$ cat final12.txt   # compact mmCIF, C-alpha atoms
# COMPACT_ATOMS: atom_id res chain seq x y z
CA MET R 1 8.04 -6.02 35.83
CA THR R 2 11.37 -7.62 35.14
CA THR R 3 12.70 -7.90 31.64
CA ALA R 4 12.69 -11.39 30.19
CA MET R 5 16.19 -11.81 28.81
CA ALA R 6 17.45 -14.75 26.79
CA HIS R 7 20.82 -16.15 27.84
CA GLN R 8 22.65 -15.42 24.57
CA PHE R 9 22.49 -11.66 25.15
CA ASP R 10 24.83 -9.54 27.25
CA ASP R 11 22.10 -7.21 28.42
CA ALA R 12 18.50 -6.17 27.80
CA GLU R 13 19.56 -3.35 25.49
CA GLN R 14 21.46 -5.70 23.20
CA GLN R 15 18.46 -8.02 23.13
CA GLN R 16 16.17 -5.15 22.21
CA GLN R 17 18.53 -4.03 19.42
CA ALA R 18 18.75 -7.55 18.01
CA ALA R 19 14.96 -7.85 17.98
CA THR R 20 14.59 -4.49 16.24
CA LEU R 21 17.15 -5.44 13.60
CA GLY R 22 15.36 -8.75 13.06
CA MET R 23 12.09 -6.96 12.47
CA TRP R 24 13.68 -4.63 9.92
CA LEU R 25 15.19 -7.63 8.15
CA PHE R 26 11.72 -9.18 7.96
CA LEU R 27 10.29 -5.92 6.62
CA ALA R 28 13.03 -5.70 3.96
CA SER R 29 12.00 -9.15 2.77
CA GLU R 30 8.37 -8.01 2.80
CA VAL R 31 9.32 -5.12 0.50
CA LEU R 32 10.37 -7.68 -2.10
CA PHE R 33 7.29 -9.82 -1.42
CA PHE R 34 5.10 -6.92 -2.49
CA GLY R 35 7.80 -5.81 -4.95
CA GLY R 36 7.29 -8.88 -7.15
CA MET R 37 3.60 -8.09 -7.57
CA LEU R 38 4.32 -4.39 -8.08
CA ALA R 39 6.87 -5.26 -10.78
CA GLY R 40 4.24 -7.32 -12.62
CA TYR R 41 1.82 -4.44 -12.23
CA ALA R 42 4.36 -1.98 -13.67
CA VAL R 43 5.01 -4.11 -16.76
CA TYR R 44 1.33 -4.58 -17.59
CA ARG R 45 0.36 -1.01 -16.82
CA ALA R 46 3.07 0.15 -19.23
CA ALA R 47 1.77 -2.30 -21.85
CA TYR R 48 -1.97 -1.63 -21.42
CA PRO R 49 -2.34 1.98 -20.20
CA ARG R 50 -5.90 2.39 -21.55
CA ALA R 51 -7.22 -0.78 -19.93
CA PHE R 52 -5.64 0.10 -16.58
CA ALA R 53 -7.13 3.61 -16.70
CA LEU R 54 -10.59 2.24 -17.54
CA GLY R 55 -10.36 -0.35 -14.76
CA SER R 56 -9.11 2.22 -12.24
CA GLY R 57 -12.06 4.44 -13.18
CA ARG R 58 -14.41 1.85 -11.66
CA LEU R 59 -12.79 2.09 -8.20
CA ASP R 60 -14.24 4.43 -5.58
CA VAL R 61 -11.69 7.24 -5.09
CA TRP R 62 -13.59 8.63 -2.12
CA LEU R 63 -13.57 5.33 -0.20
CA GLY R 64 -9.89 4.87 -1.09
CA THR R 65 -9.05 8.34 0.25
CA LEU R 66 -11.08 7.69 3.40
CA ASN R 67 -9.25 4.42 3.99
CA THR R 68 -5.86 6.05 3.48
CA ALA R 69 -6.76 8.64 6.12
CA VAL R 70 -7.97 5.89 8.48
CA LEU R 71 -4.72 3.99 8.06
CA LEU R 72 -2.53 7.08 8.56
CA THR R 73 -4.49 7.84 11.74
CA SER R 74 -3.94 4.29 12.99
CA SER R 75 -0.20 4.74 12.42
CA LEU R 76 -0.38 7.88 14.54
CA THR R 77 -2.13 6.02 17.38
CA VAL R 78 0.53 3.30 17.29
CA ALA R 79 3.36 5.84 17.38
CA LEU R 80 1.65 7.62 20.30
CA ALA R 81 1.11 4.29 22.10
CA VAL R 82 4.83 3.50 21.91
CA ALA R 83 5.65 7.01 23.14
CA ALA R 84 3.16 6.56 26.01
CA LEU R 85 4.86 3.31 27.08
CA GLN R 86 8.25 5.01 26.93
CA SER R 87 7.02 7.47 29.52
CA ASP R 88 5.19 4.75 31.48
CA ARG R 89 1.67 5.99 30.76
CA ARG R 90 0.21 2.49 30.46
CA SER R 91 -3.51 3.20 30.40
CA ALA R 92 -3.01 5.80 27.69
CA ALA R 93 -1.00 3.22 25.73
CA ALA R 94 -3.76 0.62 26.13
CA GLY R 95 -6.38 3.09 24.92
CA LEU R 96 -4.29 4.05 21.90
CA LEU R 97 -3.71 0.41 20.98
CA ILE R 98 -7.43 -0.33 21.21
CA GLY R 99 -7.96 2.71 19.00
CA THR R 100 -5.53 1.20 16.51
CA VAL R 101 -7.45 -2.09 16.49
CA VAL R 102 -10.73 -0.23 15.89
CA LEU R 103 -9.23 1.85 13.05
CA GLY R 104 -7.78 -1.31 11.50
CA MET R 105 -11.22 -2.91 11.58
CA VAL R 106 -12.78 0.21 10.05
CA PHE R 107 -10.27 -0.06 7.20
CA LEU R 108 -11.13 -3.74 6.66
CA GLY R 109 -14.84 -2.95 6.83
CA VAL R 110 -14.58 -0.28 4.14
CA LYS R 111 -12.49 -2.69 2.07
CA GLY R 112 -15.23 -5.30 2.47
CA VAL R 113 -17.86 -2.82 1.24
CA GLU R 114 -15.69 -2.06 -1.79
CA TYR R 115 -15.21 -5.76 -2.53
CA ALA R 116 -18.99 -6.34 -2.27
CA HIS R 117 -19.58 -3.55 -4.82
CA LYS R 118 -17.07 -5.17 -7.19
CA PHE R 119 -18.93 -8.49 -6.93
CA ASP R 120 -22.23 -6.72 -7.63
CA GLU R 121 -20.76 -4.95 -10.66
CA ARG R 122 -19.28 -8.21 -11.97
CA LEU R 123 -15.76 -6.79 -11.83
CA VAL R 124 -14.22 -9.80 -10.06
CA PRO R 125 -11.92 -11.71 -12.43
CA GLY R 126 -13.33 -15.06 -13.43
CA ARG R 127 -16.23 -16.48 -15.41
CA SER R 128 -18.70 -13.81 -14.34
CA PHE R 129 -16.39 -10.90 -15.19
CA HIS R 130 -18.22 -8.43 -17.38
CA PHE R 131 -17.07 -5.01 -18.53
CA VAL R 132 -19.17 -3.05 -20.99
CA VAL R 133 -16.88 -0.80 -22.96
CA GLU R 134 -19.41 0.83 -25.32
CA ASP R 135 -21.78 2.10 -22.66
CA GLY R 136 -22.17 2.02 -18.91
CA ASN R 137 -19.25 4.39 -18.36
CA PRO R 138 -18.87 8.05 -19.31
CA GLY R 139 -15.84 7.58 -21.55
CA GLY R 140 -17.53 4.77 -23.45
CA THR R 141 -18.55 6.38 -26.73
CA HIS R 142 -15.24 8.14 -27.07
CA HIS R 143 -13.52 4.86 -26.56
CA ARG R 144 -15.57 3.03 -29.13
CA ALA R 145 -14.61 5.66 -31.69
CA GLN R 146 -10.98 5.24 -30.81
CA VAL R 147 -11.07 1.49 -31.15
CA ALA R 148 -12.96 1.83 -34.45
CA THR R 149 -10.32 4.11 -35.98
CA SER R 150 -7.56 1.68 -35.23
CA ALA R 151 -9.56 -1.13 -36.84
CA GLN R 152 -10.56 0.69 -40.04
CA ASP R 153 -8.12 -1.13 -42.30
CA SER R 154 -9.55 -4.50 -41.44
CA TRP R 155 -11.54 -6.43 -44.08
CA ASP R 156 -14.36 -7.05 -41.66
CA PHE R 157 -14.80 -3.89 -39.63
CA ARG R 158 -17.47 -5.23 -37.29
CA GLU R 159 -15.80 -8.47 -36.38
CA SER R 160 -12.51 -6.72 -35.78
CA LEU R 161 -14.11 -4.13 -33.52
CA GLU R 162 -15.76 -6.86 -31.49
CA SER R 163 -12.57 -8.83 -30.99
CA GLU R 164 -10.66 -5.67 -30.06
CA LEU R 165 -13.24 -4.84 -27.44
CA GLN R 166 -13.03 -8.37 -26.13
CA LEU R 167 -9.26 -8.03 -25.92
CA LEU R 168 -9.66 -4.75 -24.06
CA ALA R 169 -12.11 -6.33 -21.61
CA GLY R 170 -9.54 -9.08 -20.95
CA ARG R 171 -6.90 -6.51 -20.15
CA ILE R 172 -9.26 -4.68 -17.82
CA GLU R 173 -9.86 -8.03 -16.12
CA LEU R 174 -6.08 -8.24 -15.67
CA PHE R 175 -6.14 -4.87 -13.92
CA PHE R 176 -8.74 -6.23 -11.50
CA SER R 177 -6.60 -9.32 -10.91
CA PHE R 178 -3.82 -7.00 -9.76
CA TYR R 179 -6.32 -4.98 -7.73
CA PHE R 180 -7.61 -8.01 -5.83
CA ALA R 181 -4.20 -9.65 -5.40
CA LEU R 182 -2.51 -6.49 -4.10
CA THR R 183 -5.32 -5.24 -1.87
CA GLY R 184 -6.13 -8.79 -0.75
CA VAL R 185 -2.60 -9.53 0.43
CA HIS R 186 -2.48 -6.09 2.03
CA ALA R 187 -5.77 -6.78 3.84
CA LEU R 188 -4.34 -10.08 5.09
CA HIS R 189 -1.42 -8.13 6.59
CA MET R 190 -3.94 -5.78 8.20
CA LEU R 191 -5.87 -8.71 9.65
CA ILE R 192 -2.69 -10.12 11.20
CA GLY R 193 -1.84 -6.67 12.57
CA VAL R 194 -5.29 -6.27 14.12
CA ALA R 195 -4.94 -9.68 15.80
CA VAL R 196 -1.45 -8.83 17.12
CA PHE R 197 -2.55 -5.47 18.52
CA THR R 198 -5.60 -7.02 20.17
CA VAL R 199 -3.27 -9.33 22.13
CA LEU R 200 -0.81 -6.52 22.86
CA ALA R 201 -3.55 -4.17 24.10
CA TRP R 202 -4.73 -6.94 26.43
CA GLN R 203 -1.17 -7.49 27.68
CA VAL R 204 -0.68 -3.77 28.27
CA ILE R 205 -3.88 -3.70 30.32
CA ARG R 206 -2.64 -6.70 32.30
CA GLY R 207 0.56 -4.74 33.05
CA LYS R 208 2.99 -6.90 31.11
CA TYR R 209 4.83 -3.93 29.62
CA SER R 210 6.41 -0.93 31.21
CA ARG R 211 9.02 1.68 30.52
CA SER R 212 11.77 -0.91 30.96
CA TYR R 213 10.34 -3.48 28.55
CA PHE R 214 7.91 -2.99 25.66
CA THR R 215 9.83 -4.40 22.69
CA PRO R 216 6.86 -6.44 21.32
CA VAL R 217 4.72 -3.29 21.10
CA GLU R 218 7.54 -1.43 19.37
CA LEU R 219 8.10 -4.22 16.83
CA ALA R 220 4.39 -4.62 16.10
CA GLY R 221 4.40 -0.85 15.55
CA LEU R 222 7.17 -1.16 12.94
CA TYR R 223 5.13 -3.83 11.16
CA TRP R 224 1.99 -1.68 11.24
CA HIS R 225 3.79 1.37 9.83
CA PHE R 226 5.19 -0.81 7.06
CA VAL R 227 1.71 -2.03 6.12
CA ASP R 228 0.66 1.63 6.12
CA ILE R 229 3.49 2.47 3.68
CA ILE R 230 2.40 -0.33 1.33
CA TRP R 231 -1.07 1.19 1.20
CA VAL R 232 0.40 4.66 0.59
CA PHE R 233 1.71 3.23 -2.69
CA LEU R 234 -1.26 1.01 -3.55
CA PHE R 235 -3.74 3.88 -3.27
CA PRO R 236 -2.40 6.08 -6.12
CA LEU R 237 -1.31 3.06 -8.20
CA LEU R 238 -4.77 1.47 -8.19
CA TYR R 239 -7.32 4.25 -7.56
CA LEU R 240 -5.84 7.30 -9.23
CA ILE R 241 -4.87 6.27 -12.78
CA ASP R 242 -5.70 8.98 -15.36
CA LEU R 243 -8.85 10.09 -13.55
CA ASN R 244 -9.79 12.68 -16.16
CA SER R 245 -9.14 10.69 -19.32
CA MET O 1 15.35 1.42 26.94
CA THR O 2 17.60 4.41 26.58
CA LYS O 3 16.31 5.43 23.18
CA SER O 4 15.24 9.04 22.83
CA VAL O 5 11.61 9.62 22.06
CA PHE O 6 9.76 12.16 19.97
CA SER O 7 7.14 14.24 21.75
CA PRO O 8 3.46 13.52 20.96
CA LEU O 9 3.34 17.00 19.42
CA ARG O 10 5.98 15.96 16.89
CA TYR O 11 3.92 12.92 15.92
CA LEU O 12 0.82 15.07 15.47
CA ALA O 13 2.78 17.48 13.25
CA VAL O 14 4.01 14.58 11.08
CA PHE O 15 0.45 13.23 10.92
CA ALA O 16 -0.85 16.63 9.77
CA VAL O 17 1.76 16.77 6.99
CA LEU O 18 0.81 13.20 5.96
CA LEU O 19 -2.85 14.23 5.62
CA ILE O 20 -1.85 17.27 3.56
CA LEU O 21 0.20 15.00 1.28
CA LEU O 22 -2.81 12.67 0.96
CA GLY O 23 -4.90 15.65 -0.17
CA LEU O 24 -2.12 16.60 -2.58
CA THR O 25 -2.07 13.09 -4.13
CA VAL O 26 -5.81 13.19 -4.80
CA ALA O 27 -5.65 16.78 -6.08
CA VAL O 28 -2.72 16.10 -8.41
CA ALA O 29 -4.57 13.09 -9.87
CA GLN O 30 -7.47 15.33 -11.01
CA VAL O 31 -5.21 17.02 -13.57
CA ASP O 32 -3.93 15.28 -16.70
CA TRP O 33 -0.14 15.42 -16.48
CA GLY O 34 0.38 12.81 -19.17
CA PRO O 35 3.29 10.52 -18.33
CA TRP O 36 4.25 12.80 -15.42
CA GLY O 37 1.12 11.84 -13.50
CA ILE O 38 2.63 8.59 -12.27
CA VAL O 39 5.89 10.40 -11.44
CA ALA O 40 4.02 12.95 -9.32
CA ALA O 41 1.98 10.22 -7.59
CA LEU O 42 5.08 8.18 -6.74
CA ALA O 43 6.97 11.28 -5.58
CA VAL O 44 4.23 12.14 -3.07
CA ALA O 45 4.06 8.50 -1.93
CA ALA O 46 7.85 8.50 -1.46
CA ALA O 47 7.64 11.69 0.60
CA LYS O 48 4.99 10.07 2.83
CA THR O 49 7.17 6.97 3.18
CA VAL O 50 10.17 9.03 4.30
CA LEU O 51 8.05 10.78 6.95
CA ILE O 52 6.59 7.51 8.26
CA ALA O 53 9.97 5.75 8.28
CA VAL O 54 11.99 8.58 9.80
CA TYR O 55 9.54 9.59 12.55
CA PHE O 56 6.95 6.86 13.17
CA MET O 57 9.46 4.04 12.64
CA HIS O 58 12.21 5.95 14.50
CA LEU O 59 14.83 5.71 11.76
CA GLN O 60 16.11 9.12 12.83
CA THR O 61 17.33 7.76 16.15
CA ALA O 62 18.02 4.22 14.93
CA ARG O 63 21.46 2.65 14.89
CA THR O 64 23.45 2.49 11.64
CA THR O 65 22.77 -1.22 11.05
CA VAL O 66 19.03 -0.68 11.28
CA ARG O 67 19.23 2.21 8.80
CA LEU O 68 21.34 0.05 6.51
CA PHE O 69 18.70 -2.70 6.55
CA ALA O 70 15.98 -0.16 5.75
CA VAL O 71 17.94 1.32 2.84
CA ALA O 72 18.83 -2.18 1.58
CA GLY O 73 15.16 -3.15 1.33
CA VAL O 74 14.43 -0.15 -0.88
CA ALA O 75 17.66 -0.59 -2.88
CA TRP O 76 16.79 -4.17 -3.88
CA LEU O 77 13.31 -3.06 -4.92
CA ILE O 78 14.71 -0.28 -7.09
CA MET O 79 17.13 -2.73 -8.70
CA LEU O 80 14.28 -5.16 -9.39
CA LEU O 81 12.13 -2.48 -11.02
CA ALA O 82 14.96 -0.73 -12.86
CA PHE O 83 16.36 -3.83 -14.56
CA LEU O 84 12.93 -5.27 -15.32
CA LEU O 85 11.55 -2.07 -16.84
CA SER O 86 14.75 -1.26 -18.72
CA ASP O 87 13.95 -4.44 -20.64
CA TYR O 88 10.19 -4.21 -21.05
CA LEU O 89 10.04 -0.49 -21.79
CA THR O 90 12.68 -0.62 -24.52
CA ARG O 91 11.29 -3.39 -26.69
CA GLU O 92 7.99 -4.95 -27.66
CA LEU O 93 7.68 -8.17 -25.73
CA ILE O 94 3.98 -8.27 -25.00
CA PRO O 95 2.06 -9.11 -28.18
CA GLY O 96 -0.58 -6.67 -29.30
CA ALA O 97 0.31 -3.88 -26.91
CA PRO O 98 -0.68 -1.15 -26.59
CA LEU O 99 -4.39 -0.73 -27.12
$ encode --input "final12.txt" --output "structure tokens"
Amino acid sequence: MTTAMAHQFDDAEQQQQAATLGMWLFLASEVLFFGGMLAGYAVYRAAYPRAFALGSGRLDVWLGTLNTAVLLTSSLTVALAVAALQSDRRSAAAGLLIGTVVLGMVFLGVKGVEYAHKFDERLVPGRSFHFVVEDGNPGGTHHRAQVATSAQDSWDFRESLESELQLLAGRIELFFSFYFALTGVHALHMLIGVAVFTVLAWQVIRGKYSRSYFTPVELAGLYWHFVDIIWVFLFPLLYLIDLNS
Amino acid sequence: MTKSVFSPLRYLAVFAVLLILLGLTVAVAQVDWGPWGIVAALAVAAAKTVLIAVYFMHLQTARTTVRLFAVAGVAWLIMLLAFLLSDYLTRELIPGAPL
């Protein structure tokens, strides 16, 4: 298979280097795309640590861990696929890319199950959002006591307690807004990656890539690893806040 | 392409370390470290990122410009967070916080 080379390049190597650099530039801009949301998250987590811990307590740590492992494995299959193409083992590369697509879909499936649970538990921000602070979670009674102490000076103890709890529920809703925005945008990136790798796997099977030209696979790999890294940060930031408090 | 390639064994070794670090993140989160909990979590995540970037994303064999772009992306993020939090964490700007 001959290398398709655009006329502005001196040789195929220069073209490949330019493409790689372009992908890294795109990824650097993606860092700031997620960075804006992460910055907002950081400010509000610092302001409302209790609410974020209570919200995080309602996420499924086990499913989050499973999904992290699935995603790390899919990064491995991509890295191995690129290595396979470099040594011209095309059918191995195709198999590994299909494996990546399957793992990506497993991740999205697990994510879908988690989202469904959140809808059932009325934890999706909006009119139906409902978070019972007094009961329904193990730390509830302790929390009620804590809120009550801080409200003791008030002229109407009951009313004050109620409004404080309402305020807390609003802040927990904010945590879930961050949860859905961050994981939702991440899932969108996954969906795009799955689509890209489906096409690439097909093209590898058709013999479009060989040892002398596989830049698209390499660049899609960079993108996939980046999406993996984003999740590596999202997992502890969303699922693992003060688990034992 | 003339780029050198890591052996599949190397990738598997990196993958094994990544899984160990994942276990470490979850284990560390079970203990109450106070304010150091988030530091520990981010440190492990950073370690994973370095492994993924250096080996899976081939930064180790990448040209200087590519490495520069990678470092720049992280540098801008750190600047964003550092300047933002140096403001928010040193004065009360959000009414009613904390609860």
$ closest_atom_pairs --input "final12.txt" --of "chain O" --to "chain R" --cutoff "8 Å" --atoms "all atoms listed in the file" --output "CSV"
residue,atom,partner,partner_atom,distance
O:Met1,CA,R:Ser212,CA,5.9
O:Val5,CA,R:Ala83,CA,6.6
O:Phe6,CA,R:Ala83,CA,7.3
O:Ser7,CA,R:Ala83,CA,7.5
O:Pro8,CA,R:Leu80,CA,6.2
O:Tyr11,CA,R:Leu76,CA,6.8
O:Leu12,CA,R:Leu76,CA,7.3
O:Phe15,CA,R:Leu76,CA,6.5
O:Leu18,CA,R:Leu72,CA,7.4
O:Leu19,CA,R:Ala69,CA,6.8
O:Leu22,CA,R:Thr65,CA,7.6
O:Thr25,CA,R:Pro236,CA,7.3
O:Val26,CA,R:Leu240,CA,7.4
O:Ala29,CA,R:Leu240,CA,6.0
O:Gln30,CA,R:Leu243,CA,6.0
O:Val31,CA,R:Asn244,CA,6.8
O:Asp32,CA,R:Asn244,CA,6.4
O:Gly37,CA,R:Asp242,CA,7.6
O:Ile38,CA,R:Ile241,CA,7.9
O:Ala41,CA,R:Pro236,CA,6.2
O:Leu42,CA,R:Phe233,CA,7.2
O:Ala45,CA,R:Phe233,CA,5.8
O:Lys48,CA,R:Val232,CA,7.4
O:Thr49,CA,R:Ile229,CA,5.8
O:Ile52,CA,R:His225,CA,6.9
O:Ala53,CA,R:His225,CA,7.7
O:Phe56,CA,R:Ala79,CA,5.6
O:Met57,CA,R:Leu222,CA,5.7
O:Thr65,CA,R:Leu21,CA,7.5
O:Val66,CA,R:Leu21,CA,5.6
O:Phe69,CA,R:Leu25,CA,6.3
O:Ala70,CA,R:Ala28,CA,6.5
O:Ala72,CA,R:Ala28,CA,7.2
O:Gly73,CA,R:Ala28,CA,4.2
O:Val74,CA,R:Val31,CA,7.3
O:Trp76,CA,R:Leu32,CA,7.5
O:Leu77,CA,R:Gly35,CA,6.2
O:Leu80,CA,R:Ala39,CA,7.5
O:Leu81,CA,R:Ala39,CA,6.0
O:Leu84,CA,R:Ala39,CA,7.6
O:Leu85,CA,R:Val43,CA,6.9
O:Tyr88,CA,R:Val43,CA,6.7
O:Leu89,CA,R:Ala46,CA,7.5
O:Ile94,CA,R:Ala47,CA,7.1
O:Ala97,CA,R:Ala47,CA,5.5
O:Pro98,CA,R:Tyr48,CA,5.4
O:Leu99,CA,R:Tyr48,CA,6.3
$ atom_distance --input "final12.txt" --atom1 "atom CA of O:Met79" --atom2 "atom CA of O:Ala43"
17.6 Å
$ residues_around --input "final12.txt" --residues "R:Gly207" --least-positions-apart "2" --cutoff "10 Å" --atoms "only C-alpha atoms" --output "PDB file with C-alpha atoms, in the frame of the given file"
ATOM      1  CA  MET R   1       8.040  -6.020  35.830  1.00  0.00           C
ATOM      2  CA  ARG R  90       0.210   2.490  30.460  1.00  0.00           C
ATOM      3  CA  SER R  91      -3.510   3.200  30.400  1.00  0.00           C
ATOM      4  CA  ALA R  94      -3.760   0.620  26.130  1.00  0.00           C
ATOM      5  CA  ALA R 201      -3.550  -4.170  24.100  1.00  0.00           C
ATOM      6  CA  TRP R 202      -4.730  -6.940  26.430  1.00  0.00           C
ATOM      7  CA  GLN R 203      -1.170  -7.490  27.680  1.00  0.00           C
ATOM      8  CA  VAL R 204      -0.680  -3.770  28.270  1.00  0.00           C
ATOM      9  CA  ILE R 205      -3.880  -3.700  30.320  1.00  0.00           C
ATOM     10  CA  TYR R 209       4.830  -3.930  29.620  1.00  0.00           C
ATOM     11  CA  SER R 210       6.410  -0.930  31.210  1.00  0.00           C
TER      12      SER R 210
END
$ atom_distance --input "final12.txt" --atom1 "atom CA of R:Ala92" --atom2 "atom CA of O:Leu51"
24.0 Å
$ decode --input "final12.txt" --residues "stretch 70-90 of chain O" --atoms "N, CA, C and O atoms" --output "CSV table (one decimal), in the first residue's frame"
chain,number,residue,atom,x,y,z
O,70,ALA,N,2.8,18.7,24.9
O,70,ALA,CA,2.2,17.9,26.0
O,70,ALA,C,2.4,18.7,27.3
O,70,ALA,O,1.4,18.8,28.1
O,71,VAL,N,3.6,19.2,27.6
O,71,VAL,CA,3.8,19.9,28.8
O,71,VAL,C,3.0,21.2,28.9
O,71,VAL,O,2.5,21.6,29.9
O,72,ALA,N,2.9,21.9,27.7
O,72,ALA,CA,2.2,23.1,27.7
O,72,ALA,C,0.7,22.9,28.1
O,72,ALA,O,0.2,23.7,28.9
O,73,GLY,N,0.1,21.9,27.6
O,73,GLY,CA,-1.3,21.6,28.0
O,73,GLY,C,-1.5,21.5,29.5
O,73,GLY,O,-2.4,22.1,30.0
O,74,VAL,N,-0.6,20.8,30.1
O,74,VAL,CA,-0.6,20.6,31.6
O,74,VAL,C,-0.3,22.0,32.3
O,74,VAL,O,-0.9,22.3,33.3
O,75,ALA,N,0.7,22.7,31.7
O,75,ALA,CA,1.1,23.9,32.3
O,75,ALA,C,0.0,25.0,32.4
O,75,ALA,O,-0.3,25.6,33.4
O,76,TRP,N,-0.8,25.1,31.3
O,76,TRP,CA,-1.9,26.0,31.2
O,76,TRP,C,-3.0,25.6,32.2
O,76,TRP,O,-3.6,26.5,32.9
O,77,LEU,N,-3.2,24.3,32.4
O,77,LEU,CA,-4.2,23.8,33.3
O,77,LEU,C,-3.8,24.2,34.8
O,77,LEU,O,-4.6,24.7,35.6
O,78,ILE,N,-2.5,24.0,35.1
O,78,ILE,CA,-2.0,24.3,36.4
O,78,ILE,C,-2.2,25.8,36.7
O,78,ILE,O,-2.6,26.2,37.8
O,79,MET,N,-1.8,26.6,35.7
O,79,MET,CA,-2.0,28.0,35.9
O,79,MET,C,-3.4,28.4,36.1
O,79,MET,O,-3.7,29.2,37.0
O,80,LEU,N,-4.3,27.8,35.3
O,80,LEU,CA,-5.8,28.1,35.5
O,80,LEU,C,-6.2,27.8,37.0
O,80,LEU,O,-6.8,28.6,37.6
O,81,LEU,N,-5.8,26.6,37.4
O,81,LEU,CA,-6.3,26.1,38.7
O,81,LEU,C,-5.6,26.9,39.8
O,81,LEU,O,-6.2,27.3,40.8
O,82,ALA,N,-4.3,27.2,39.7
O,82,ALA,CA,-3.5,27.9,40.7
O,82,ALA,C,-4.0,29.3,40.9
O,82,ALA,O,-4.3,29.7,42.1
O,83,PHE,N,-4.2,30.0,39.9
O,83,PHE,CA,-4.7,31.4,40.0
O,83,PHE,C,-6.1,31.5,40.5
O,83,PHE,O,-6.4,32.3,41.4
O,84,LEU,N,-6.9,30.6,40.0
O,84,LEU,CA,-8.3,30.6,40.4
O,84,LEU,C,-8.5,30.3,41.9
O,84,LEU,O,-9.1,31.0,42.7
O,85,LEU,N,-7.8,29.2,42.4
O,85,LEU,CA,-7.9,28.7,43.7
O,85,LEU,C,-7.2,29.7,44.7
O,85,LEU,O,-7.6,29.8,45.9
O,86,SER,N,-6.1,30.3,44.2
O,86,SER,CA,-5.4,31.3,45.1
O,86,SER,C,-6.4,32.4,45.5
O,86,SER,O,-6.2,33.0,46.6
O,87,ASP,N,-7.3,32.7,44.7
O,87,ASP,CA,-8.4,33.7,45.0
O,87,ASP,C,-9.5,33.1,45.9
O,87,ASP,O,-9.7,33.5,47.0
O,88,TYR,N,-10.1,32.0,45.4
O,88,TYR,CA,-11.3,31.5,46.1
O,88,TYR,C,-10.9,30.9,47.5
O,88,TYR,O,-11.7,30.9,48.4
O,89,LEU,N,-9.7,30.3,47.6
O,89,LEU,CA,-9.4,29.6,48.9
O,89,LEU,C,-8.9,30.6,49.9
O,89,LEU,O,-8.7,30.3,51.1
O,90,THR,N,-8.6,31.9,49.5
O,90,THR,CA,-8.1,32.8,50.5
O,90,THR,C,-9.1,33.9,51.0
O,90,THR,O,-8.8,34.7,51.8
